[in-house]
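Q: Structure file model_21.cif (mmCIF, C-alpha atoms) is given on the next line.
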```cif
data_final
loop_
_atom_site.group_PDB
_atom_site.id
_atom_site.type_symbol
_atom_site.label_atom_id
_atom_site.label_comp_id
_atom_site.auth_asym_id
_atom_site.auth_seq_id
_atom_site.Cartn_x
_atom_site.Cartn_y
_atom_site.Cartn_z
ATOM 1 C CA MET A 8 -10.428 -4.754 -4.796
ATOM 2 C CA ALA A 9 -10.576 -1.067 -3.938
ATOM 3 C CA ALA A 10 -7.384 -0.504 -5.941
ATOM 4 C CA ILE A 11 -8.814 -2.384 -8.949
ATOM 5 C CA LYS A 12 -12.009 -0.339 -8.830
ATOM 6 C CA ARG A 13 -10.094 2.897 -8.684
ATOM 7 C CA GLY A 14 -7.554 2.030 -11.352
ATOM 8 C CA VAL A 15 -9.918 0.470 -13.908
ATOM 9 C CA GLN A 16 -12.592 3.126 -13.555
ATOM 10 C CA SER A 17 -10.068 5.980 -13.688
ATOM 11 C CA ALA A 18 -8.749 4.642 -17.006
ATOM 12 C CA LEU A 19 -12.143 3.955 -18.586
ATOM 13 C CA PHE A 20 -13.772 7.222 -17.582
ATOM 14 C CA ARG A 21 -10.798 9.184 -18.929
ATOM 15 C CA LEU A 22 -11.167 7.389 -22.264
ATOM 16 C CA GLY A 23 -14.957 7.445 -22.329
ATOM 17 C CA ARG A 24 -14.924 4.008 -24.003
ATOM 18 C CA ARG A 25 -14.627 0.386 -22.909
ATOM 19 C CA PRO A 26 -12.816 -2.597 -24.449
ATOM 20 C CA GLN A 27 -14.433 -6.002 -24.813
ATOM 21 C CA TRP A 28 -12.063 -7.770 -22.417
ATOM 22 C CA HIS A 29 -10.388 -6.963 -19.129
ATOM 23 C CA GLN A 30 -7.375 -9.185 -18.562
ATOM 24 C CA THR A 31 -5.741 -9.542 -15.159
ATOM 25 C CA ASP A 32 -3.302 -11.857 -13.465
ATOM 26 C CA ASN A 33 -4.420 -14.251 -10.718
ATOM 27 C CA SER A 34 -4.260 -11.762 -7.873
ATOM 28 C CA THR A 35 -6.394 -12.489 -4.806
ATOM 29 C CA ALA A 36 -8.285 -9.244 -5.417
ATOM 30 C CA ALA A 37 -9.771 -10.649 -8.621
ATOM 31 C CA THR A 38 -9.623 -14.435 -8.164
ATOM 32 C CA HIS A 39 -9.692 -17.188 -5.567
ATOM 33 C CA GLU A 40 -8.511 -20.795 -5.536
ATOM 34 C CA LEU A 41 -10.988 -23.510 -6.426
ATOM 35 C CA ALA A 42 -11.075 -27.099 -5.205
ATOM 36 C CA THR A 43 -9.940 -28.174 -8.685
ATOM 37 C CA GLY A 44 -6.664 -26.310 -8.210
ATOM 38 C CA LYS A 45 -7.653 -23.641 -10.699
ATOM 39 C CA ARG A 46 -8.781 -20.117 -9.828
ATOM 40 C CA GLY A 47 -12.226 -18.559 -10.168
ATOM 41 C CA PHE A 48 -13.324 -14.944 -10.231
ATOM 42 C CA ASN A 49 -14.404 -13.219 -7.027
ATOM 43 C CA ASP A 50 -18.000 -11.973 -6.854
ATOM 44 C CA ASP A 51 -16.976 -8.331 -6.356
ATOM 45 C CA TYR A 52 -14.688 -8.449 -9.369
ATOM 46 C CA LEU A 53 -17.374 -10.048 -11.551
ATOM 47 C CA ALA A 54 -19.883 -7.421 -10.433
ATOM 48 C CA LEU A 55 -17.461 -4.655 -11.446
ATOM 49 C CA MET A 56 -16.905 -6.198 -14.881
ATOM 50 C CA THR A 57 -20.662 -6.667 -15.403
ATOM 51 C CA HIS A 58 -21.361 -3.062 -14.477
ATOM 52 C CA LEU A 59 -18.685 -1.727 -16.833
ATOM 53 C CA GLY A 60 -19.748 -4.053 -19.655
ATOM 54 C CA MET A 61 -16.491 -5.979 -20.012
ATOM 55 C CA LYS A 62 -15.675 -9.675 -20.067
ATOM 56 C CA PRO A 63 -13.071 -10.858 -17.521
ATOM 57 C CA ARG A 64 -10.202 -13.190 -18.278
ATOM 58 C CA THR A 65 -6.896 -14.077 -16.643
ATOM 59 C CA THR A 66 -3.545 -15.428 -17.615
ATOM 60 C CA GLU A 67 -2.809 -19.031 -16.780
ATOM 61 C CA VAL A 68 -1.438 -19.670 -13.292
ATOM 62 C CA GLY A 69 2.346 -19.306 -13.324
ATOM 63 C CA GLU A 70 2.374 -18.084 -16.951
ATOM 64 C CA LYS A 71 3.258 -14.419 -16.471
ATOM 65 C CA GLU A 72 4.706 -14.216 -19.989
ATOM 66 C CA GLN A 73 1.110 -14.206 -21.251
ATOM 67 C CA ASN A 74 0.989 -10.634 -19.983
ATOM 68 C CA GLY A 75 4.391 -9.906 -21.492
ATOM 69 C CA ASP A 76 3.388 -6.701 -23.285
ATOM 70 C CA VAL A 77 1.913 -5.301 -20.067
ATOM 71 C CA GLU A 78 4.917 -6.344 -17.979
ATOM 72 C CA ALA A 79 7.247 -4.755 -20.535
ATOM 73 C CA GLY A 80 5.172 -1.580 -20.404
ATOM 74 C CA ASN A 81 5.443 -1.525 -16.610
ATOM 75 C CA GLY A 82 9.210 -1.846 -16.837
ATOM 76 C CA ALA A 83 9.424 0.987 -19.360
ATOM 77 C CA LEU A 84 7.262 3.202 -17.143
ATOM 78 C CA LYS A 85 9.462 2.543 -14.099
ATOM 79 C CA ARG A 86 12.552 3.494 -16.049
ATOM 80 C CA ARG A 87 10.846 6.622 -17.358
ATOM 81 C CA LEU A 88 9.838 7.668 -13.839
ATOM 82 C CA GLU A 89 13.360 7.047 -12.562
ATOM 83 C CA GLN A 90 14.794 9.306 -15.268
ATOM 84 C CA ALA A 91 12.199 11.984 -14.532
ATOM 85 C CA LEU A 92 13.095 11.870 -10.832
ATOM 86 C CA LEU A 93 16.774 12.300 -11.648
ATOM 87 C CA LEU A 94 15.969 15.343 -13.785
ATOM 88 C CA ARG A 95 13.720 16.684 -11.027
ATOM 89 C CA GLY A 96 16.679 16.637 -8.659
ATOM 90 C CA HIS A 97 14.919 15.163 -5.614
ATOM 91 C CA ARG A 98 12.276 12.612 -4.606
ATOM 92 C CA ASP A 99 10.360 14.655 -2.035
ATOM 93 C CA PHE A 100 6.603 15.136 -2.434
ATOM 94 C CA GLU A 101 4.127 16.781 -0.077
ATOM 95 C CA GLY A 102 1.880 13.721 -0.156
ATOM 96 C CA VAL A 103 0.537 10.811 -2.191
ATOM 97 C CA GLU A 104 -1.820 13.067 -4.159
ATOM 98 C CA GLN A 105 1.038 15.297 -5.293
ATOM 99 C CA TYR A 106 3.083 12.253 -6.296
ATOM 100 C CA GLU A 107 0.202 10.796 -8.312
ATOM 101 C CA SER A 108 -0.319 14.127 -10.080
ATOM 102 C CA TRP A 109 3.376 14.178 -11.015
ATOM 103 C CA VAL A 110 3.195 10.603 -12.353
ATOM 104 C CA GLN A 111 0.171 11.534 -14.485
ATOM 105 C CA GLU A 112 2.106 14.451 -15.950
ATOM 106 C CA VAL A 113 4.995 12.152 -16.884
ATOM 107 C CA CYS A 114 2.596 9.662 -18.472
ATOM 108 C CA ALA A 115 0.713 12.379 -20.367
ATOM 109 C CA LYS A 116 3.980 13.657 -21.808
ATOM 110 C CA ALA A 117 5.020 10.144 -22.847
ATOM 111 C CA ASN A 118 1.635 9.471 -24.469
ATOM 112 C CA GLY A 119 1.550 12.787 -26.309
ATOM 113 C CA GLY A 120 2.780 11.241 -29.560
ATOM 114 C CA ARG A 121 0.402 8.294 -29.465
ATOM 115 C CA SER A 122 -2.898 10.124 -29.908
ATOM 116 C CA LYS A 123 -3.426 8.806 -33.458
ATOM 117 C CA LYS A 124 -3.039 5.162 -32.425
ATOM 118 C CA VAL A 125 -5.215 5.713 -29.359
ATOM 119 C CA ALA A 126 -7.933 7.223 -31.566
ATOM 120 C CA GLU A 127 -7.846 4.112 -33.774
ATOM 121 C CA GLU A 128 -8.306 1.890 -30.731
ATOM 122 C CA LEU A 129 -11.107 4.015 -29.295
ATOM 123 C CA ALA A 130 -13.000 3.844 -32.587
ATOM 124 C CA GLU A 131 -13.273 0.065 -32.139
ATOM 125 C CA MET A 132 -14.507 0.258 -28.527
ATOM 126 C CA ALA A 133 -18.057 0.625 -27.264
ATOM 127 C CA ALA A 134 -19.164 3.796 -25.539
ATOM 128 C CA LEU A 135 -18.985 3.846 -21.752
ATOM 129 C CA ASP A 136 -22.595 4.542 -20.814
ATOM 130 C CA VAL A 137 -22.705 3.657 -17.106
ATOM 131 C CA SER A 138 -22.228 5.625 -13.895
ATOM 132 C CA ARG A 139 -19.075 5.402 -11.829
ATOM 133 C CA LEU A 140 -19.269 2.974 -8.909
ATOM 134 C CA PRO A 141 -18.186 4.065 -5.416
ATOM 135 C CA GLU A 142 -14.531 3.139 -4.988
ATOM 136 C CA HIS A 143 -14.863 1.644 -1.528
ATOM 137 C CA LEU A 144 -16.204 -1.421 0.232
ATOM 138 C CA GLU A 145 -18.825 -1.093 2.973
ATOM 139 C CA LEU A 146 -18.504 -3.181 6.130
ATOM 140 C CA ASP A 147 -20.348 -3.369 9.454
ATOM 141 C CA VAL A 148 -18.045 -3.901 12.432
ATOM 142 C CA THR A 149 -18.694 -4.111 16.173
ATOM 143 C CA VAL A 150 -16.493 -2.266 18.645
ATOM 144 C CA THR A 151 -14.842 -4.639 21.124
ATOM 145 C CA ALA A 152 -14.712 -4.232 24.893
ATOM 146 C CA TRP A 153 -11.190 -2.877 24.362
ATOM 147 C CA SER A 154 -12.517 -0.058 22.184
ATOM 148 C CA THR A 155 -11.069 -1.428 18.956
ATOM 149 C CA ILE A 156 -12.383 -2.493 15.574
ATOM 150 C CA ARG A 157 -10.961 -5.059 13.162
ATOM 151 C CA VAL A 158 -10.945 -3.966 9.512
ATOM 152 C CA ALA A 159 -9.236 -5.829 6.652
ATOM 153 C CA HIS A 160 -7.126 -7.897 9.081
ATOM 154 C CA ASN A 161 -5.842 -4.835 10.980
ATOM 155 C CA THR A 162 -6.869 -3.254 14.303
ATOM 156 C CA TYR A 163 -7.843 0.378 14.942
ATOM 157 C CA SER A 164 -8.871 2.054 18.187
ATOM 158 C CA VAL A 165 -12.020 4.174 18.452
ATOM 159 C CA PRO A 166 -13.401 6.314 21.316
ATOM 160 C CA SER A 167 -14.513 4.257 24.301
ATOM 161 C CA ARG A 168 -18.043 5.680 24.126
ATOM 162 C CA LEU A 169 -18.552 3.441 21.062
ATOM 163 C CA ILE A 170 -17.809 0.151 22.875
ATOM 164 C CA HIS A 171 -20.216 -2.615 21.758
ATOM 165 C CA GLU A 172 -21.751 -0.345 19.092
ATOM 166 C CA THR A 173 -21.967 -1.382 15.435
ATOM 167 C CA LEU A 174 -20.223 0.962 13.018
ATOM 168 C CA ARG A 175 -20.410 1.263 9.254
ATOM 169 C CA VAL A 176 -16.953 1.345 7.666
ATOM 170 C CA HIS A 177 -16.079 2.582 4.180
ATOM 171 C CA LEU A 178 -12.872 0.834 3.121
ATOM 172 C CA PHE A 179 -10.946 2.785 0.484
ATOM 173 C CA GLU A 180 -7.611 1.936 -1.093
ATOM 174 C CA ARG A 181 -5.650 4.195 1.265
ATOM 175 C CA ARG A 182 -8.066 5.321 3.978
ATOM 176 C CA ILE A 183 -10.870 4.107 6.216
ATOM 177 C CA GLU A 184 -13.951 6.169 7.041
ATOM 178 C CA VAL A 185 -15.990 5.214 10.117
ATOM 179 C CA PHE A 186 -19.666 6.160 10.361
ATOM 180 C CA TYR A 187 -21.961 6.008 13.370
ATOM 181 C CA GLY A 188 -25.621 6.950 13.250
ATOM 182 C CA GLY A 189 -25.236 7.834 9.587
ATOM 183 C CA LYS A 190 -22.555 10.464 10.308
ATOM 184 C CA LEU A 191 -18.829 10.382 9.620
ATOM 185 C CA HIS A 192 -17.022 10.133 12.960
ATOM 186 C CA LEU A 193 -13.457 9.025 12.197
ATOM 187 C CA THR A 194 -10.989 8.754 9.344
ATOM 188 C CA PHE A 195 -7.860 6.574 9.458
ATOM 189 C CA ASP A 196 -4.965 6.006 7.107
ATOM 190 C CA ARG A 197 -5.406 2.415 6.008
ATOM 191 C CA LEU A 198 -2.685 0.129 7.354
ATOM 192 C CA PRO A 199 -0.883 -2.043 4.792
ATOM 193 C CA GLY A 200 -0.620 -5.798 5.144
ATOM 194 C CA ARG A 201 -2.125 -7.846 7.970
ATOM 195 C CA ASN A 202 -2.088 -7.902 11.773
ATOM 196 C CA GLY A 203 -1.040 -4.274 12.101
ATOM 197 C CA HIS A 204 -2.564 -1.852 14.570
ATOM 198 C CA SER A 205 -3.266 1.851 14.961
ATOM 199 C CA ILE A 206 -3.968 2.570 18.637
ATOM 200 C CA ASN A 207 -4.602 6.021 20.093
ATOM 201 C CA TYR A 208 -4.178 5.905 23.874
ATOM 202 C CA ARG A 209 -6.847 8.598 24.247
ATOM 203 C CA ASP A 210 -9.447 6.120 23.003
ATOM 204 C CA ILE A 211 -8.766 3.431 25.610
ATOM 205 C CA ILE A 212 -7.248 5.167 28.608
ATOM 206 C CA TRP A 213 -10.623 5.684 30.283
ATOM 207 C CA SER A 214 -11.253 1.930 30.352
ATOM 208 C CA LEU A 215 -7.720 1.053 31.469
ATOM 209 C CA VAL A 216 -7.824 3.414 34.442
ATOM 210 C CA GLN A 217 -10.868 1.502 35.671
ATOM 211 C CA LYS A 218 -9.197 -1.874 34.977
ATOM 212 C CA PRO A 219 -5.470 -1.276 35.582
ATOM 213 C CA GLY A 220 -4.800 -4.964 36.045
ATOM 214 C CA ALA A 221 -5.224 -5.412 32.291
ATOM 215 C CA PHE A 222 -2.337 -3.070 31.468
ATOM 216 C CA ALA A 223 0.417 -5.654 31.992
ATOM 217 C CA ARG A 224 -1.187 -8.063 29.522
ATOM 218 C CA TYR A 225 -2.510 -5.500 27.057
ATOM 219 C CA ARG A 226 -1.630 -6.631 23.554
ATOM 220 C CA TYR A 227 -0.848 -3.144 22.263
ATOM 221 C CA ARG A 228 0.819 -1.859 25.405
ATOM 222 C CA GLU A 229 3.666 -0.153 23.549
ATOM 223 C CA ALA A 230 1.108 2.204 21.996
ATOM 224 C CA LEU A 231 0.437 3.519 25.510
ATOM 225 C CA PHE A 232 3.846 5.191 25.626
ATOM 226 C CA PRO A 233 3.285 8.124 23.269
ATOM 227 C CA THR A 234 6.845 9.465 23.717
ATOM 228 C CA LEU A 235 10.091 8.337 25.296
ATOM 229 C CA ALA A 236 9.386 10.534 28.346
ATOM 230 C CA PHE A 237 6.285 8.493 29.184
ATOM 231 C CA ARG A 238 8.246 5.252 28.850
ATOM 232 C CA ARG A 239 10.907 6.630 31.196
ATOM 233 C CA ALA A 240 8.194 7.692 33.645
ATOM 234 C CA TYR A 241 6.772 4.168 33.708
ATOM 235 C CA ASP A 242 10.235 2.648 34.218
ATOM 236 C CA ALA A 243 10.937 5.069 37.093
ATOM 237 C CA ILE A 244 7.608 4.229 38.743
ATOM 238 C CA THR A 245 8.204 0.456 38.505
ATOM 239 C CA ASP A 246 11.812 0.835 39.713
ATOM 240 C CA ALA A 247 10.548 2.687 42.785
ATOM 241 C CA GLY A 248 7.520 0.549 43.575
ATOM 242 C CA GLY A 249 8.122 -2.703 41.748
ATOM 243 C CA ALA A 250 6.139 -4.166 38.884
ATOM 244 C CA SER A 251 2.591 -4.325 40.238
ATOM 245 C CA VAL A 252 -0.973 -3.230 39.517
ATOM 246 C CA LYS A 253 -0.378 -0.289 41.843
ATOM 247 C CA SER A 254 2.567 0.900 39.729
ATOM 248 C CA ASP A 255 0.594 0.405 36.539
ATOM 249 C CA LEU A 256 -2.273 2.470 37.944
ATOM 250 C CA ALA A 257 0.153 5.236 38.946
ATOM 251 C CA TYR A 258 1.375 5.447 35.361
ATOM 252 C CA LEU A 259 -2.106 5.172 33.854
ATOM 253 C CA ARG A 260 -3.241 8.141 35.936
ATOM 254 C CA ILE A 261 -0.451 10.226 34.418
ATOM 255 C CA LEU A 262 -1.470 9.056 30.942
ATOM 256 C CA HIS A 263 -5.083 9.870 31.806
ATOM 257 C CA LEU A 264 -3.976 13.384 32.746
ATOM 258 C CA ALA A 265 -2.237 13.731 29.368
ATOM 259 C CA ALA A 266 -5.435 12.711 27.566
ATOM 260 C CA ALA A 267 -7.517 15.157 29.593
ATOM 261 C CA THR A 268 -5.119 18.114 29.208
ATOM 262 C CA MET A 269 -2.140 18.634 26.904
ATOM 263 C CA GLU A 270 0.230 15.764 26.226
ATOM 264 C CA THR A 271 3.156 18.124 25.634
ATOM 265 C CA ASP A 272 2.631 19.861 28.997
ATOM 266 C CA VAL A 273 2.566 16.530 30.816
ATOM 267 C CA GLU A 274 5.649 15.394 28.899
ATOM 268 C CA CYS A 275 7.566 18.525 29.952
ATOM 269 C CA ALA A 276 6.543 18.014 33.585
ATOM 270 C CA ILE A 277 7.709 14.378 33.487
ATOM 271 C CA GLU A 278 11.084 15.352 32.029
ATOM 272 C CA ARG A 279 11.637 18.032 34.679
ATOM 273 C CA LEU A 280 10.847 15.597 37.486
ATOM 274 C CA LEU A 281 13.121 12.913 36.049
ATOM 275 C CA THR A 282 15.928 15.449 35.599
ATOM 276 C CA ASP A 283 15.571 16.397 39.281
ATOM 277 C CA GLY A 284 15.703 12.722 40.256
ATOM 278 C CA VAL A 285 12.054 12.673 41.385
ATOM 279 C CA THR A 286 9.754 9.759 40.589
ATOM 280 C CA PRO A 287 6.773 11.137 38.639
ATOM 281 C CA ASP A 288 3.323 10.698 40.104
ATOM 282 C CA VAL A 289 0.031 12.195 39.034
ATOM 283 C CA ASP A 290 -0.146 14.707 41.912
ATOM 284 C CA ARG A 291 3.318 16.142 41.179
ATOM 285 C CA VAL A 292 2.644 16.271 37.454
ATOM 286 C CA ARG A 293 -0.778 17.837 37.942
ATOM 287 C CA ALA A 294 0.677 20.505 40.194
ATOM 288 C CA MET A 295 3.143 21.426 37.450
ATOM 289 C CA VAL A 296 0.638 21.264 34.612
ATOM 290 C CA LYS A 297 -2.048 23.030 36.680
ATOM 291 C CA PRO A 298 -5.102 22.152 34.618
ATOM 292 C CA THR A 299 -7.848 24.658 35.247
ATOM 293 C CA ASP A 300 -11.427 24.941 34.140
ATOM 294 C CA VAL A 301 -11.903 27.461 31.392
ATOM 295 C CA ASP A 302 -13.794 30.529 32.622
ATOM 296 C CA VAL A 303 -16.473 31.299 30.069
ATOM 297 C CA PRO A 304 -17.162 35.046 30.120
ATOM 298 C CA MET A 305 -20.738 36.212 30.468
ATOM 299 C CA ILE A 306 -21.618 38.310 27.456
ATOM 300 C CA THR A 307 -24.673 40.522 27.564
ATOM 301 C CA ALA A 308 -26.451 40.818 24.257
ATOM 302 C CA PRO A 309 -26.549 44.467 23.167
ATOM 303 C CA VAL A 310 -29.892 46.215 22.798
ATOM 304 C CA ILE A 311 -30.429 47.315 19.221
ATOM 305 C CA ASP A 312 -32.074 50.724 18.843
ATOM 306 C CA LEU A 313 -33.977 50.608 15.577
ATOM 307 C CA GLY A 314 -34.844 54.265 15.982
ATOM 308 C CA THR A 315 -31.421 55.120 14.555
ATOM 309 C CA TYR A 316 -32.395 53.563 11.243
ATOM 310 C CA ASP A 317 -35.739 55.361 11.271
ATOM 311 C CA GLY A 318 -33.866 58.627 11.671
ATOM 312 C CA LEU A 319 -31.644 57.851 8.689
ATOM 313 C CA LEU A 320 -34.646 57.011 6.535
ATOM 314 C CA ALA A 321 -36.425 60.185 7.543
ATOM 315 C CA SER A 322 -33.389 62.334 6.687
ATOM 316 C CA GLY A 323 -32.761 60.611 3.370
ATOM 317 C CA GLY A 324 -29.476 59.155 4.577
ATOM 318 C CA LEU A 325 -30.332 55.765 3.046
ATOM 319 C CA SER A 326 -31.411 55.320 -0.531
#
```
As structure tokens - that is how I would like this structure written.
A:
Amino acid sequence: MAAIKRGVQSALFRLGRRPQWHQTDNSTAATHELATGKRGFNDDYLALMTHLGMKPRTTEVGEKEQNGDVEAGNGALKRRLEQALLLRGHRDFEGVEQYESWVQEVCAKANGGRSKKVAEELAEMAALDVSRLPEHLELDVTVTAWSTIRVAHNTYSVPSRLIHETLRVHLFERRIEVFYGGKLHLTFDRLPGRNGHSINYRDIIWSLVQKPGAFARYRYREALFPTLAFRRAYDAITDAGGASVKSDLAYLRILHLAAATMETDVECAIERLLTDGVTPDVDRVRAMVKPTDVDVPMITAPVIDLGTYDGLLASGGLS
């Protein structure tokens, strides 16, 4: 639905006009299955059409040829983009935004000779006299005891201080914004598909150190090995002490140290110990990392002598 909002509104607000009908296929973003076997429009989709002043309609189920002109246009666009990429010489872009800008340039060039026909179409359309709707969905989600939230069938970790709190989520096409107390706290890249996860060990390590017995059965345990060095450290610890809660706690303390200091420093210390044939433990790693409290210098505020300015004024030095 977020993609439909963005795409339809981007097109209409560039044209400044609106057609009478908006035709779509039977995607789940726009329609849902009815008990009769047919498909009906979703409430969010109908609300969008009502706001923009268009009537919705779909092709018949399984009759994609009814959108033949659109499908043919999609095929032509794909071929045009492929040719433009070949002429460009490479397919590397700095990000999605840069890629979209490039696609728009290709489309604008292709449409350059169609301005007369477009003007004829626009003359038959009604003016677009509404404001642009926000291109996101708003959801309220509760943080689980494992410091995670479930959004659009995917799981994301959040800081443990938010456990059991209710967060407001703005769900965009490609990103998720998380608000707490009316303020933006977190932004995630939206995961595609379903049952994916984005887990940051820094969010949950504080809880796991207190409940190390849960580590062995943790659903997203692989996310708790940020690099290969940490995985090797855990294997070395379990080889030396056996698979047990005690071994898990020994590893979690090292991971806790990485979250509290610098992950790269802890990683280097682990690799040095493993190279020397020594089983990593938190005391050895800490001794090598040597985390120290930052000494904040005491700064005395200078005393400003305003008499200097009075002297300048008296001598005419300032005008």
Q: For a test of reading the model, state the distance in Å between CA of Val273 in chain A and CA of Tyr258 in chain A, rounded to one decimal.
A: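 Calculated distance between CA of Val273 in chain A and CA of Tyr258 in chain A is 12.0 Å.
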Q: Could you tell me how far CA of Thr149 in chain A lies from CA of Asn202 in chain A, in Å and to one decimal?
A: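 CA of Asn202 in chain A lies at a distance of 17.6 Å from CA of Thr149 in chain A.
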Q: Taking the file as shown, find all residues satisfying the PyMOL selection byres ((chain A and resi 243-252) around 9) and write them as a list in words.
A: Pro219, Gly220, Ala221, Phe222, Ala223, Arg238, Arg239, Ala240, Tyr241, Asp242, Lys253, Ser254, Asp255, Leu256, Ala257, Tyr258, Leu281, Val285, Thr286, Pro287 and Asp288 of chain A
Q: If you apply the PyMOL selection byres ((chain A and resi 175) around 8) to this file, what residues do you get, as a ChimeraX atom specification?
A: /A:145-148,173-174,176-177,185-187
Q: What gap, in Å, lies between CA of Asn49 in chain A and CA of Phe179 in chain A?
A: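 Rounded to one decimal, the two atoms are 18.0 Å apart.
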Q: Quick check on the file I pasted: which residues fall under the PyMOL selection byres ((chain A and resi 23) around 12)? Write them as a list in words.
A: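 Applying the expression gives Gln16, Ser17, Ala18, Leu19, Phe20, Arg21, Leu22, Arg24, Arg25, Pro26, Leu59, Ala126, Leu129, Ala130, Met132, Ala133, Ala134, Leu135, Asp136, Val137, Ser138 and Arg139 of chain A.
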Q: Between A:Leu231, A:Ile211, A:Ala294, A:Leu84, which is the closest to Ser154 in chain A once you count all atoms listed in the file?
A: A:Ile211
Q: So which one's closest to Pro199 in chain A, A:Thr234, A:Thr66, A:Ser214, A:Asn161? Using all atoms listed in the file, please.
A: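 Of A:Thr234, A:Thr66, A:Ser214, A:Asn161, the one nearest Pro199 in chain A, counting all atoms listed in the file, is A:Asn161.
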Q: In terms of the shortest atom-to-atom distance over all atoms listed in the file, which of A:Leu262, A:Ile311, A:Ala115, A:Ile156 is closest to Phe232 in chain A?
A: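 Of all the options, A:Leu262 lies closest to Phe232 in chain A.
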Q: Kindly list the centre and edge lengths in Å, rounded to one decimal, for the axis-aligned box that covers all listed atoms of range 44-49 of chain A plus 5 Å on each of its six sides, as lines of an AutoDock Vina configuration file.
A:
```
center_x = -10.5
center_y = -19.8
center_z = -8.9
size_x = 17.7
size_y = 23.1
size_z = 13.7
```
Q: For Val216 in chain A, which of A:Phe195, A:Leu264, A:Thr271, A:Val77 is the closest residue, counting all atoms listed in the file?
A: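 Closest to Val216 in chain A of all the choices is A:Leu264.
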Q: Taking into account all atoms listed in the file, which residue in the set A:Met8, A:Val113, A:Ala308, A:Ile261 is nearest to Tyr208 in chain A?
A: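 Of A:Met8, A:Val113, A:Ala308, A:Ile261, the one nearest Tyr208 in chain A, counting all atoms listed in the file, is A:Ile261.
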Q: Could you check which of A:Gly44, A:Lys123, A:Leu198, A:Ile212 is closest to Ala159 in chain A, using all atoms listed in the file?
A: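 Answer, going by the shortest atom-to-atom distance: A:Leu198.
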